[in-house]
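J.: File input.cif below, mmCIF, C-alpha atoms:
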```
data_my_file
loop_
_atom_site.group_PDB
_atom_site.id
_atom_site.type_symbol
_atom_site.label_atom_id
_atom_site.label_comp_id
_atom_site.auth_asym_id
_atom_site.auth_seq_id
_atom_site.Cartn_x
_atom_site.Cartn_y
_atom_site.Cartn_z
ATOM 1 C CA MET A 240 143.414 68.020 43.157
ATOM 2 C CA HIS A 241 139.679 68.180 42.617
ATOM 3 C CA LEU A 242 138.167 70.345 39.910
ATOM 4 C CA VAL A 243 136.443 72.463 42.538
ATOM 5 C CA ASP A 244 139.879 73.364 43.945
ATOM 6 C CA PHE A 245 141.013 74.506 40.530
ATOM 7 C CA PHE A 246 137.962 76.722 40.065
ATOM 8 C CA THR A 247 138.337 78.087 43.600
ATOM 9 C CA TRP A 248 141.934 78.951 42.786
ATOM 10 C CA LEU A 249 140.795 80.700 39.592
ATOM 11 C CA ASN A 250 138.117 82.479 41.581
ATOM 12 C CA ASN A 251 140.697 83.905 43.980
ATOM 13 C CA LEU A 252 142.986 85.300 41.298
ATOM 14 C CA PRO A 253 143.222 89.111 41.570
ATOM 15 C CA PHE A 254 141.947 89.581 38.018
ATOM 16 C CA SER A 255 138.866 87.505 38.765
ATOM 17 C CA VAL A 256 138.192 89.335 42.016
ATOM 18 C CA THR A 257 138.542 92.734 40.337
ATOM 19 C CA LEU A 258 136.210 91.827 37.481
ATOM 20 C CA ARG A 259 133.670 90.583 39.955
ATOM 21 C CA GLN A 260 133.813 93.397 42.482
ATOM 22 C CA ASP A 261 134.423 96.533 40.455
ATOM 23 C CA GLU A 262 131.258 98.342 39.541
ATOM 24 C CA TRP A 263 131.283 98.832 35.803
ATOM 25 C CA PRO A 264 133.291 96.161 33.960
ATOM 26 C CA PHE A 265 130.968 93.221 34.478
ATOM 27 C CA PRO A 266 127.688 94.886 33.402
ATOM 28 C CA ILE A 267 129.338 96.427 30.351
ATOM 29 C CA ILE A 268 130.923 93.143 29.277
ATOM 30 C CA GLU A 269 127.598 91.414 29.889
ATOM 31 C CA SER A 270 125.804 93.970 27.703
ATOM 32 C CA PHE A 271 128.173 93.274 24.822
ATOM 33 C CA HIS A 272 127.658 89.550 25.354
ATOM 34 C CA ILE A 273 123.920 90.081 24.933
ATOM 35 C CA LEU A 274 124.320 92.459 21.994
ATOM 36 C CA GLY A 275 126.671 89.964 20.395
ATOM 37 C CA LEU A 276 123.743 87.545 20.236
ATOM 38 C CA GLY A 277 122.414 89.572 17.340
ATOM 39 C CA LEU A 278 125.638 89.411 15.377
ATOM 40 C CA SER A 279 126.186 85.705 16.078
ATOM 41 C CA VAL A 280 122.998 83.678 16.554
ATOM 42 C CA GLY A 281 120.860 86.357 14.895
ATOM 43 C CA ILE A 282 122.890 85.994 11.684
ATOM 44 C CA ILE A 283 123.778 82.309 11.628
ATOM 45 C CA MET A 284 120.111 81.362 12.082
ATOM 46 C CA TRP A 285 119.482 82.500 8.496
ATOM 47 C CA VAL A 286 122.182 80.171 7.213
ATOM 48 C CA ASP A 287 120.540 77.406 9.256
ATOM 49 C CA LEU A 288 117.084 78.209 7.914
ATOM 50 C CA ARG A 289 118.487 78.128 4.369
ATOM 51 C CA LEU A 290 120.034 74.713 5.040
ATOM 52 C CA ILE A 291 116.736 73.440 6.407
ATOM 53 C CA GLY A 292 115.096 74.872 3.312
ATOM 54 C CA VAL A 293 112.512 77.219 4.797
ATOM 55 C CA SER A 294 114.111 80.581 4.058
ATOM 56 C CA LEU A 295 116.048 82.519 1.391
ATOM 57 C CA ARG A 296 115.249 79.750 -1.066
ATOM 58 C CA ARG A 297 115.889 81.832 -4.133
ATOM 59 C CA GLN A 298 119.551 82.148 -3.287
ATOM 60 C CA PRO A 299 122.123 79.382 -3.677
ATOM 61 C CA VAL A 300 123.329 77.991 -0.370
ATOM 62 C CA SER A 301 126.910 79.016 -1.082
ATOM 63 C CA GLN A 302 125.837 82.611 -1.569
ATOM 64 C CA VAL A 303 123.971 82.738 1.745
ATOM 65 C CA VAL A 304 126.911 81.130 3.536
ATOM 66 C CA SER A 305 129.573 83.348 1.965
ATOM 67 C CA GLN A 306 127.582 86.516 2.609
ATOM 68 C CA LEU A 307 126.564 85.819 6.199
ATOM 69 C CA GLU A 308 129.133 83.485 7.721
ATOM 70 C CA PRO A 309 131.976 86.062 7.922
ATOM 71 C CA TRP A 310 129.760 88.346 9.990
ATOM 72 C CA ALA A 311 128.628 85.503 12.204
ATOM 73 C CA ILE A 312 132.295 84.677 12.806
ATOM 74 C CA VAL A 313 132.883 88.239 14.017
ATOM 75 C CA GLY A 314 129.804 87.877 16.216
ATOM 76 C CA PHE A 315 130.966 84.583 17.696
ATOM 77 C CA GLY A 316 134.368 86.181 18.287
ATOM 78 C CA VAL A 317 132.636 88.859 20.369
ATOM 79 C CA MET A 318 130.717 86.147 22.249
ATOM 80 C CA ILE A 319 133.852 84.102 22.956
ATOM 81 C CA ALA A 320 135.829 87.128 24.161
ATOM 82 C CA SER A 321 133.051 88.560 26.342
ATOM 83 C CA GLY A 322 131.982 85.109 27.479
ATOM 84 C CA PHE A 323 135.500 84.228 28.535
ATOM 85 C CA LEU A 324 135.735 87.418 30.602
ATOM 86 C CA LEU A 325 132.344 86.798 32.200
ATOM 87 C CA PHE A 326 133.483 83.293 33.098
ATOM 88 C CA ILE A 327 136.772 84.526 34.558
ATOM 89 C CA ALA A 328 134.797 86.980 36.729
ATOM 90 C CA GLU A 329 132.974 84.127 38.489
ATOM 91 C CA PRO A 330 134.601 80.788 37.627
ATOM 92 C CA LEU A 331 133.443 79.016 40.775
ATOM 93 C CA LYS A 332 129.822 80.050 40.384
ATOM 94 C CA CYS A 333 129.874 78.941 36.738
ATOM 95 C CA TYR A 334 131.403 75.580 37.629
ATOM 96 C CA LEU A 335 128.821 74.983 40.356
ATOM 97 C CA THR A 336 125.829 76.048 38.250
ATOM 98 C CA VAL A 337 124.081 73.200 36.412
ATOM 99 C CA ALA A 338 122.763 75.524 33.723
ATOM 100 C CA PHE A 339 126.308 76.582 32.872
ATOM 101 C CA ARG A 340 127.428 72.967 32.539
ATOM 102 C CA PHE A 341 124.578 72.380 30.105
ATOM 103 C CA LYS A 342 125.683 75.498 28.260
ATOM 104 C CA VAL A 343 129.260 74.224 27.930
ATOM 105 C CA VAL A 344 128.089 70.813 26.667
ATOM 106 C CA MET A 345 125.860 72.501 24.089
ATOM 107 C CA LEU A 346 128.681 74.826 23.033
ATOM 108 C CA ILE A 347 130.908 71.819 22.389
ATOM 109 C CA LEU A 348 128.121 70.131 20.414
ATOM 110 C CA ALA A 349 127.524 73.314 18.424
ATOM 111 C CA ALA A 350 131.215 73.568 17.560
ATOM 112 C CA SER A 351 131.234 69.905 16.474
ATOM 113 C CA ASN A 352 128.173 70.601 14.335
ATOM 114 C CA ILE A 353 129.983 73.455 12.585
ATOM 115 C CA ARG A 354 133.036 71.296 11.998
ATOM 116 C CA TYR A 355 130.930 68.459 10.633
ATOM 117 C CA PHE A 356 129.165 70.902 8.328
ATOM 118 C CA HIS A 357 132.380 72.212 6.823
ATOM 119 C CA THR A 358 134.175 68.893 6.445
ATOM 120 C CA ASN A 359 131.317 66.597 5.445
ATOM 121 C CA VAL A 360 128.448 68.670 4.122
ATOM 122 C CA TYR A 361 129.598 71.958 2.641
ATOM 123 C CA SER A 362 132.547 70.428 0.812
ATOM 124 C CA ASN A 363 130.338 69.263 -2.051
ATOM 125 C CA VAL A 364 127.911 72.161 -2.003
ATOM 126 C CA SER A 365 128.312 72.777 -5.749
ATOM 127 C CA GLU A 366 126.281 69.605 -6.338
ATOM 128 C CA TRP A 367 123.249 70.836 -4.404
ATOM 129 C CA ASP A 368 123.754 74.592 -4.289
ATOM 130 C CA ASP A 369 120.411 75.573 -5.752
ATOM 131 C CA ALA A 370 118.765 72.170 -5.837
ATOM 132 C CA GLU A 371 115.154 71.764 -4.881
ATOM 133 C CA GLU A 372 116.057 68.808 -2.686
ATOM 134 C CA ILE A 373 118.526 69.619 0.059
ATOM 135 C CA PRO A 374 120.680 66.730 1.386
ATOM 136 C CA TRP A 375 119.365 65.447 4.697
ATOM 137 C CA GLN A 376 122.770 66.000 6.293
ATOM 138 C CA ALA A 377 122.506 69.722 5.557
ATOM 139 C CA LYS A 378 119.002 69.888 7.003
ATOM 140 C CA MET A 379 120.202 68.035 10.080
ATOM 141 C CA VAL A 380 123.080 70.468 10.594
ATOM 142 C CA GLY A 381 120.653 73.388 10.280
ATOM 143 C CA CYS A 382 118.230 71.885 12.801
ATOM 144 C CA PHE A 383 120.925 71.013 15.325
ATOM 145 C CA SER A 384 122.389 74.476 14.980
ATOM 146 C CA MET A 385 119.065 76.243 15.667
ATOM 147 C CA ILE A 386 118.217 73.977 18.618
ATOM 148 C CA LEU A 387 121.695 74.232 20.137
ATOM 149 C CA TRP A 388 122.148 78.000 19.819
ATOM 150 C CA PHE A 389 118.741 78.793 21.257
ATOM 151 C CA GLY A 390 119.325 76.197 23.967
ATOM 152 C CA ILE A 391 122.610 77.938 24.734
ATOM 153 C CA ILE A 392 120.793 81.266 25.065
ATOM 154 C CA ILE A 393 118.299 79.706 27.489
ATOM 155 C CA ALA A 394 121.053 78.046 29.531
ATOM 156 C CA GLY A 395 122.996 81.305 29.550
ATOM 157 C CA ARG A 396 120.079 83.250 30.962
ATOM 158 C CA TRP A 397 119.600 80.641 33.697
ATOM 159 C CA THR A 398 123.283 80.745 34.571
ATOM 160 C CA ALA A 399 122.995 84.448 35.312
ATOM 161 C CA TYR A 400 120.036 83.969 37.584
ATOM 162 C CA LEU A 401 120.624 80.729 39.462
ATOM 163 C CA MET B 1422 115.089 112.066 33.720
ATOM 164 C CA THR B 1423 112.484 109.463 34.610
ATOM 165 C CA LEU B 1424 108.948 108.574 33.564
ATOM 166 C CA ARG B 1425 107.798 109.704 37.027
ATOM 167 C CA ARG B 1426 108.477 113.275 35.984
ATOM 168 C CA ILE B 1427 105.906 112.910 33.228
ATOM 169 C CA LEU B 1428 103.282 110.591 34.686
ATOM 170 C CA PRO B 1429 101.750 110.471 38.171
ATOM 171 C CA LEU B 1430 102.591 107.785 40.721
ATOM 172 C CA SER B 1431 98.999 106.575 40.589
ATOM 173 C CA PHE B 1432 99.531 105.442 37.011
ATOM 174 C CA PHE B 1433 102.456 103.193 37.948
ATOM 175 C CA ARG B 1434 100.577 101.839 40.969
ATOM 176 C CA TRP B 1435 97.647 101.050 38.680
ATOM 177 C CA CYS B 1436 100.001 99.170 36.335
ATOM 178 C CA GLU B 1437 101.353 97.043 39.156
ATOM 179 C CA GLU B 1438 98.015 96.352 40.759
ATOM 180 C CA GLY B 1439 96.503 94.833 37.616
ATOM 181 C CA SER B 1440 96.238 91.041 37.474
ATOM 182 C CA LEU B 1441 99.025 90.595 34.904
ATOM 183 C CA GLY B 1442 101.485 92.662 36.901
ATOM 184 C CA GLY B 1443 100.598 90.804 40.091
ATOM 185 C CA LEU B 1444 100.903 87.396 38.434
ATOM 186 C CA ILE B 1445 104.414 88.094 37.170
ATOM 187 C CA GLN B 1446 105.458 89.724 40.424
ATOM 188 C CA HIS B 1447 104.660 86.653 42.444
ATOM 189 C CA SER B 1448 105.974 84.038 40.077
ATOM 190 C CA ARG B 1449 109.716 83.810 39.512
ATOM 191 C CA TRP B 1450 109.153 81.177 36.869
ATOM 192 C CA SER B 1451 106.869 83.272 34.694
ATOM 193 C CA PHE B 1452 109.245 86.240 34.846
ATOM 194 C CA ALA B 1453 112.163 83.961 33.927
ATOM 195 C CA ILE B 1454 110.355 82.365 30.999
ATOM 196 C CA ILE B 1455 109.114 85.710 29.709
ATOM 197 C CA GLU B 1456 112.561 87.237 30.006
ATOM 198 C CA THR B 1457 114.135 84.299 28.163
ATOM 199 C CA ILE B 1458 111.723 84.776 25.256
ATOM 200 C CA HIS B 1459 112.557 88.510 25.382
ATOM 201 C CA ILE B 1460 116.266 87.689 24.927
ATOM 202 C CA MET B 1461 115.673 85.169 22.120
ATOM 203 C CA ALA B 1462 113.507 87.718 20.313
ATOM 204 C CA LEU B 1463 116.323 90.229 20.813
ATOM 205 C CA ALA B 1464 118.758 87.927 18.997
ATOM 206 C CA VAL B 1465 116.373 87.600 16.041
ATOM 207 C CA LEU B 1466 115.580 91.331 15.986
ATOM 208 C CA LEU B 1467 119.200 92.481 16.076
ATOM 209 C CA GLY B 1468 120.226 89.862 13.521
ATOM 210 C CA ALA B 1469 117.586 90.906 10.990
ATOM 211 C CA LEU B 1470 118.312 94.607 11.524
ATOM 212 C CA LEU B 1471 122.054 94.045 11.275
ATOM 213 C CA ILE B 1472 121.679 92.264 7.949
ATOM 214 C CA ILE B 1473 119.586 95.111 6.538
ATOM 215 C CA ASP B 1474 121.846 97.824 7.951
ATOM 216 C CA LEU B 1475 125.023 95.996 6.854
ATOM 217 C CA HIS B 1476 123.553 95.725 3.358
ATOM 218 C CA ILE B 1477 122.880 99.462 3.270
ATOM 219 C CA LEU B 1478 126.433 100.082 4.450
ATOM 220 C CA GLY B 1479 127.610 97.900 1.591
ATOM 221 C CA CYS B 1480 128.935 95.043 3.688
ATOM 222 C CA ALA B 1481 126.437 92.193 3.319
ATOM 223 C CA MET B 1482 124.035 90.481 0.880
ATOM 224 C CA ARG B 1483 125.711 92.423 -1.875
ATOM 225 C CA GLN B 1484 124.278 90.393 -4.733
ATOM 226 C CA GLN B 1485 120.803 91.585 -3.944
ATOM 227 C CA HIS B 1486 118.921 94.809 -4.203
ATOM 228 C CA ALA B 1487 118.104 96.743 -1.059
ATOM 229 C CA CYS B 1488 114.372 96.216 -1.531
ATOM 230 C CA GLU B 1489 114.861 92.432 -1.670
ATOM 231 C CA VAL B 1490 116.878 92.436 1.530
ATOM 232 C CA VAL B 1491 114.256 94.551 3.283
ATOM 233 C CA LYS B 1492 111.485 92.308 1.978
ATOM 234 C CA GLN B 1493 113.230 89.216 3.323
ATOM 235 C CA PHE B 1494 114.377 90.476 6.690
ATOM 236 C CA GLY B 1495 112.111 93.433 7.407
ATOM 237 C CA PRO B 1496 109.064 91.357 8.427
ATOM 238 C CA TRP B 1497 111.210 89.319 10.818
ATOM 239 C CA SER B 1498 112.388 92.468 12.549
ATOM 240 C CA TRP B 1499 108.772 93.526 13.100
ATOM 241 C CA ILE B 1500 107.714 90.054 14.268
ATOM 242 C CA SER B 1501 110.582 89.808 16.754
ATOM 243 C CA LEU B 1502 109.975 93.384 17.918
ATOM 244 C CA GLY B 1503 106.365 92.354 18.494
ATOM 245 C CA PHE B 1504 107.535 89.469 20.685
ATOM 246 C CA MET B 1505 109.811 91.839 22.580
ATOM 247 C CA VAL B 1506 106.915 94.213 23.255
ATOM 248 C CA LEU B 1507 104.597 91.312 24.165
ATOM 249 C CA THR B 1508 107.126 90.035 26.704
ATOM 250 C CA GLY B 1509 108.314 93.492 27.723
ATOM 251 C CA ILE B 1510 104.878 94.661 28.830
ATOM 252 C CA PRO B 1511 104.313 91.970 31.508
ATOM 253 C CA MET B 1512 107.851 92.489 32.816
ATOM 254 C CA TYR B 1513 107.195 96.221 32.981
ATOM 255 C CA LEU B 1514 103.859 95.745 34.722
ATOM 256 C CA SER B 1515 105.452 93.581 37.402
ATOM 257 C CA GLU B 1516 107.656 96.457 38.572
ATOM 258 C CA ALA B 1517 106.100 99.578 37.112
ATOM 259 C CA VAL B 1518 106.740 101.780 40.154
ATOM 260 C CA ARG B 1519 110.437 100.976 40.295
ATOM 261 C CA LEU B 1520 110.790 101.459 36.519
ATOM 262 C CA GLY B 1521 108.953 104.769 36.769
ATOM 263 C CA ASN B 1522 111.737 105.969 39.043
ATOM 264 C CA SER B 1523 114.526 104.504 36.916
ATOM 265 C CA PRO B 1524 116.527 106.850 34.666
ATOM 266 C CA PRO B 1525 117.980 103.963 32.614
ATOM 267 C CA PHE B 1526 114.461 102.714 31.862
ATOM 268 C CA PHE B 1527 113.461 106.152 30.630
ATOM 269 C CA TYR B 1528 116.456 106.292 28.311
ATOM 270 C CA LYS B 1529 115.864 102.728 27.157
ATOM 271 C CA MET B 1530 112.357 103.709 26.029
ATOM 272 C CA LEU B 1531 113.650 106.910 24.455
ATOM 273 C CA PHE B 1532 116.328 105.115 22.450
ATOM 274 C CA LEU B 1533 113.829 102.373 21.567
ATOM 275 C CA PHE B 1534 111.493 104.875 19.946
ATOM 276 C CA ALA B 1535 114.412 106.557 18.201
ATOM 277 C CA ALA B 1536 115.707 103.218 16.918
ATOM 278 C CA VAL B 1537 112.307 102.083 15.626
ATOM 279 C CA GLY B 1538 111.769 105.450 13.954
ATOM 280 C CA LEU B 1539 115.187 105.331 12.300
ATOM 281 C CA ASN B 1540 114.583 101.781 11.130
ATOM 282 C CA LEU B 1541 111.206 102.688 9.625
ATOM 283 C CA ARG B 1542 113.039 105.410 7.702
ATOM 284 C CA THR B 1543 115.753 102.967 6.655
ATOM 285 C CA PHE B 1544 113.272 100.408 5.377
ATOM 286 C CA LYS B 1545 111.293 103.028 3.512
ATOM 287 C CA THR B 1546 114.199 104.603 1.674
ATOM 288 C CA ALA B 1547 115.667 101.188 0.896
ATOM 289 C CA THR B 1548 112.505 100.154 -0.922
ATOM 290 C CA LYS B 1549 112.427 103.207 -3.133
ATOM 291 C CA PRO B 1550 112.660 102.126 -6.767
ATOM 292 C CA LEU B 1551 115.935 102.674 -8.587
ATOM 293 C CA SER B 1552 117.892 102.884 -5.332
ATOM 294 C CA ASP B 1553 120.544 100.260 -5.904
ATOM 295 C CA ARG B 1554 123.250 102.092 -4.085
ATOM 296 C CA SER B 1555 122.415 103.839 -0.846
ATOM 297 C CA SER B 1556 123.104 107.503 -0.420
ATOM 298 C CA ALA B 1557 125.231 108.870 2.401
ATOM 299 C CA ALA B 1558 122.089 109.863 4.312
ATOM 300 C CA ASP B 1559 120.777 106.280 4.187
ATOM 301 C CA LYS B 1560 124.086 104.984 5.494
ATOM 302 C CA LEU B 1561 124.058 107.539 8.292
ATOM 303 C CA THR B 1562 120.506 106.551 9.242
ATOM 304 C CA ALA B 1563 121.472 102.870 9.216
ATOM 305 C CA SER B 1564 124.518 103.528 11.415
ATOM 306 C CA LEU B 1565 122.521 105.726 13.802
ATOM 307 C CA SER B 1566 119.853 103.069 14.193
ATOM 308 C CA LEU B 1567 122.522 100.515 15.145
ATOM 309 C CA VAL B 1568 123.928 102.947 17.715
ATOM 310 C CA CYS B 1569 120.421 103.426 19.132
ATOM 311 C CA TRP B 1570 119.895 99.671 19.492
ATOM 312 C CA VAL B 1571 123.218 99.395 21.327
ATOM 313 C CA ALA B 1572 122.028 102.193 23.621
ATOM 314 C CA VAL B 1573 118.729 100.340 24.209
ATOM 315 C CA ALA B 1574 120.629 97.224 25.308
ATOM 316 C CA LEU B 1575 123.081 99.135 27.511
ATOM 317 C CA ALA B 1576 120.289 101.129 29.159
ATOM 318 C CA GLY B 1577 118.320 97.915 29.632
ATOM 319 C CA ARG B 1578 121.207 96.298 31.437
ATOM 320 C CA ALA B 1579 121.721 99.424 33.529
ATOM 321 C CA ILE B 1580 118.161 99.182 34.907
ATOM 322 C CA ALA B 1581 118.950 96.204 37.133
ATOM 323 C CA PHE B 1582 122.407 97.491 37.851
ATOM 324 C CA LEU B 1583 121.569 101.028 38.941
ATOM 325 C CA SER B 1584 118.772 100.122 41.285
ATOM 326 C CA LYS B 1585 120.880 98.103 43.713
#
```
Write out the structure in this file as structure tokens.
T.:
Amino acid sequence: MHLVDFFTWLNNLPFSVTLRQDEWPFPIIESFHILGLGLSVGIIMWVDLRLIGVSLRRQPVSQVVSQLEPWAIVGFGVMIASGFLLFIAEPLKCYLTVAFRFKVVMLILAASNIRYFHTNVYSNVSEWDDAEEIPWQAKMVGCFSMILWFGIIIAGRWTAYL
Amino acid sequence: MTLRRILPLSFFRWCEEGSLGGLIQHSRWSFAIIETIHIMALAVLLGALLIIDLHILGCAMRQQHACEVVKQFGPWSWISLGFMVLTGIPMYLSEAVRLGNSPPFFYKMLFLFAAVGLNLRTFKTATKPLSDRSSAADKLTASLSLVCWVAVALAGRAIAFLSK
């Protein structure tokens, strides 16, 4: 069975057809997906900028993370839930759209970046919490995060329109 | 309610006939790029506003004073709003006539003004001296501004949707 057959099968499921063809669900879900950008990327970018060292410098890293990350998690939850529904509404179109494939690759990279941050970088944050010099690994995580999330936004917009 | 009930058709025609409107109209790429910047600016705007409003509601950046939070994130909300207006204007000019006849666009603008006004109020009261804890009125204003921004986004989405 080819992947395209799987996505065609998904595409023909009644739930997918309904989501796609009914008037209101898709635009409303899409609106929350866009609004969720503020609660997810719009919040995590400040953690990233702190890691890079260009913003919120007067606060220890751990304080910025503990204050903002819980909200970003809620935001990403909204994005995952709405994103999943948007995907289920048009699985075949998503599979066939290059921009969406880029988006998925970047999402996987972004998730790996988060995991790397928590296991390898944040674990010893007490040593560099309010240090002048931030470890290069932390700066790297912050940079990757910014580039990936804004790249995901760009790819997402192109998915909708291609 | 639409903008056409307030302004004459000639105004919207004039908007579209200008060189900027024409340029965007005929170039899918420029509209796409401008819209993408509009969305990225939206993420920054909502994020900064959410942090300030969440602080006022007592849910974020609790170790800091309200005026510090506003000083850190306030400017970014104005900068990103500026980018949204800068990208919004060309997009508007490219289809001014259609938007003039669009009820969702009217309400988007209405809620946008309401949201900006509420946020100005929020920022101002938050930077009052000796206001460590926000009063109930400040929290209401913060909540209302968030509701208005949600309405702006929903109305914005409805523009494309309701003119099929």
J.: Please provide as a ChimeraX atom specification all residues within 10 Å of B:Phe1534, with the sequence filter that same-chain residues fewer than 5 positions apart are discarded (counting all atoms listed in the file).
T.: /B:1528-1529,1539-1540,1569-1570,1573
J.: Give me a file of those residues, with C-alpha atoms, as a PDB file, keeping the file's coordinate frame.
T.:
```pdb
ATOM      1  CA  TYR B1528     116.456 106.292  28.311  1.00  0.00           C
ATOM      2  CA  LYS B1529     115.864 102.728  27.157  1.00  0.00           C
ATOM      3  CA  LEU B1539     115.187 105.331  12.300  1.00  0.00           C
ATOM      4  CA  ASN B1540     114.583 101.781  11.130  1.00  0.00           C
ATOM      5  CA  CYS B1569     120.421 103.426  19.132  1.00  0.00           C
ATOM      6  CA  TRP B1570     119.895  99.671  19.492  1.00  0.00           C
ATOM      7  CA  VAL B1573     118.729 100.340  24.209  1.00  0.00           C
TER       8      VAL B1573
END
```
J.: For stretch 1474-1484 of chain B, what centre and edge lengths in Å (one decimal) does the axis-aligned box get once 4 Å is added on each side of all its listed atoms, as JSON?
T.:
```
{"center_x": 125.4, "center_y": 95.2, "center_z": 1.6, "size_x": 15.1, "size_y": 17.7, "size_z": 20.7}
```
J.: Can you build me a table of stretch 1441-1493 of chain B residues sitting at most 10 Å from stretch 375-390 of chain A, with the closest atom pair per residue and its distance in Å to one decimal, using all atoms listed in the file, sorted by chain and residue number, as JSON lines?
T.:
```
{"residue": "B:Thr1457", "atom": "CA", "partner": "A:Phe389", "partner_atom": "CA", "distance": 10.0}
{"residue": "B:Ile1460", "atom": "CA", "partner": "A:Phe389", "partner_atom": "CA", "distance": 9.9}
{"residue": "B:Met1461", "atom": "CA", "partner": "A:Phe389", "partner_atom": "CA", "distance": 7.1}
{"residue": "B:Ala1464", "atom": "CA", "partner": "A:Phe389", "partner_atom": "CA", "distance": 9.4}
```
J.: Restricted to C-alpha atoms, what would the selected residues look like written as a JSON list (two decimals), keeping the file's coordinate frame?
T.:
```json
[["chain", "number", "residue", "atom", "x", "y", "z"],
["B", 1457, "THR", "CA", 114.14, 84.30, 28.16],
["B", 1460, "ILE", "CA", 116.27, 87.69, 24.93],
["B", 1461, "MET", "CA", 115.67, 85.17, 22.12],
["B", 1464, "ALA", "CA", 118.76, 87.93, 19.00]]
```
J.: Find the residues of chain B in contact range of chain A, meaning any atom within 6 Å when counting all atoms listed in the file, and list them as a list in words.
T.: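 Every residue of chain B that passes the 6 Å test is in Ala1464, Val1465, Leu1467, Gly1468, Ala1481, Met1482 and Leu1575 of chain B.
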J.: Could the residues in this selection be saved with C-alpha atoms as a PDB file, keeping the file's coordinate frame?
T.:
```pdb
ATOM      1  CA  ALA B1464     118.758  87.927  18.997  1.00  0.00           C
ATOM      2  CA  VAL B1465     116.373  87.600  16.041  1.00  0.00           C
ATOM      3  CA  LEU B1467     119.200  92.481  16.076  1.00  0.00           C
ATOM      4  CA  GLY B1468     120.226  89.862  13.521  1.00  0.00           C
ATOM      5  CA  ALA B1481     126.437  92.193   3.319  1.00  0.00           C
ATOM      6  CA  MET B1482     124.035  90.481   0.880  1.00  0.00           C
ATOM      7  CA  LEU B1575     123.081  99.135  27.511  1.00  0.00           C
TER       8      LEU B1575
END
```
J.: In Å, how far is it from atom CA of B:Gly1495 to atom CA of A:Val300?
T.: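 Interatomic distance, atom CA of B:Gly1495 to atom CA of A:Val300: 20.6 Å.
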J.: So what do you get for atom CA of B:Gly1521 versus atom CA of B:Arg1425, distance-wise?
T.: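 Atom CA of B:Arg1425 lies 5.1 Å from atom CA of B:Gly1521.
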J.: For the provided coordinates, the residues matched by the PyMOL selection byres ((chain A and resi 249) around 12) should be stated as JSON, numbers by chain.
T.: {"A": [242, 243, 244, 245, 246, 247, 248, 250, 251, 252, 253, 254, 255, 256, 326, 327, 328, 329, 330, 331, 332, 333, 334]}
J.: Using the chain letters and numbers from the file, give me the residues hit by the PyMOL selection byres ((chain B and resi 1493) around 12), as a VMD selection string.
T.: (chain A and resid 285 294 to 298) or (chain B and resid 1469 to 1470 1472 to 1473 1482 1485 to 1492 1494 to 1499 1544 1548)
J.: Leaving out B:Ala1563 and any residue of its chain fewer than 2 positions from it, which residues lie within 8 Å of it when counting all atoms listed in the file, given as a PyMOL selection string?
T.: chain B and resi 1474+1477-1478+1539-1540+1543+1559-1561+1565-1567
J.: Check the smallest atom-to-atom distance from each of B:Leu1531, B:Cys1436, B:Ala1581, B:Val1537 to B:Thr1423 using all atoms listed in the file, then report the winner.
T.: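 Residue with the minimum atom-to-atom distance to B:Thr1423: B:Leu1531.
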J.: Applied to this file, what does the PyMOL selection byres ((chain B and resi 1506-1516) around 9) return in terms of residues, put as a VMD selection string?
T.: chain B and resid 1433 1436 to 1439 1441 to 1447 1452 1455 to 1456 1458 to 1459 1501 to 1505 1517 to 1521
J.: Any chance you can output those residues with C-alpha atoms as a short mmCIF file (atom, residue, chain, number, x, y, z; two decimals), in the frame of the given file?
T.:
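Wrote again_36.cif, looks like this:
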```
data_model
loop_
_atom_site.label_atom_id
_atom_site.label_comp_id
_atom_site.auth_asym_id
_atom_site.auth_seq_id
_atom_site.Cartn_x
_atom_site.Cartn_y
_atom_site.Cartn_z
CA PHE B 1433 102.46 103.19 37.95
CA CYS B 1436 100.00 99.17 36.34
CA GLU B 1437 101.35 97.04 39.16
CA GLU B 1438 98.02 96.35 40.76
CA GLY B 1439 96.50 94.83 37.62
CA LEU B 1441 99.02 90.60 34.90
CA GLY B 1442 101.48 92.66 36.90
CA GLY B 1443 100.60 90.80 40.09
CA LEU B 1444 100.90 87.40 38.43
CA ILE B 1445 104.41 88.09 37.17
CA GLN B 1446 105.46 89.72 40.42
CA HIS B 1447 104.66 86.65 42.44
CA PHE B 1452 109.24 86.24 34.85
CA ILE B 1455 109.11 85.71 29.71
CA GLU B 1456 112.56 87.24 30.01
CA ILE B 1458 111.72 84.78 25.26
CA HIS B 1459 112.56 88.51 25.38
CA SER B 1501 110.58 89.81 16.75
CA LEU B 1502 109.98 93.38 17.92
CA GLY B 1503 106.36 92.35 18.49
CA PHE B 1504 107.54 89.47 20.68
CA MET B 1505 109.81 91.84 22.58
CA ALA B 1517 106.10 99.58 37.11
CA VAL B 1518 106.74 101.78 40.15
CA ARG B 1519 110.44 100.98 40.30
CA LEU B 1520 110.79 101.46 36.52
CA GLY B 1521 108.95 104.77 36.77
#
```
J.: Report, in Å to a single decimal, how far apart atom CA of A:Asp287 and atom CA of A:Phe356 are.
T.: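 Atom-to-atom, atom CA of A:Phe356 to atom CA of A:Asp287, that is 10.8 Å.
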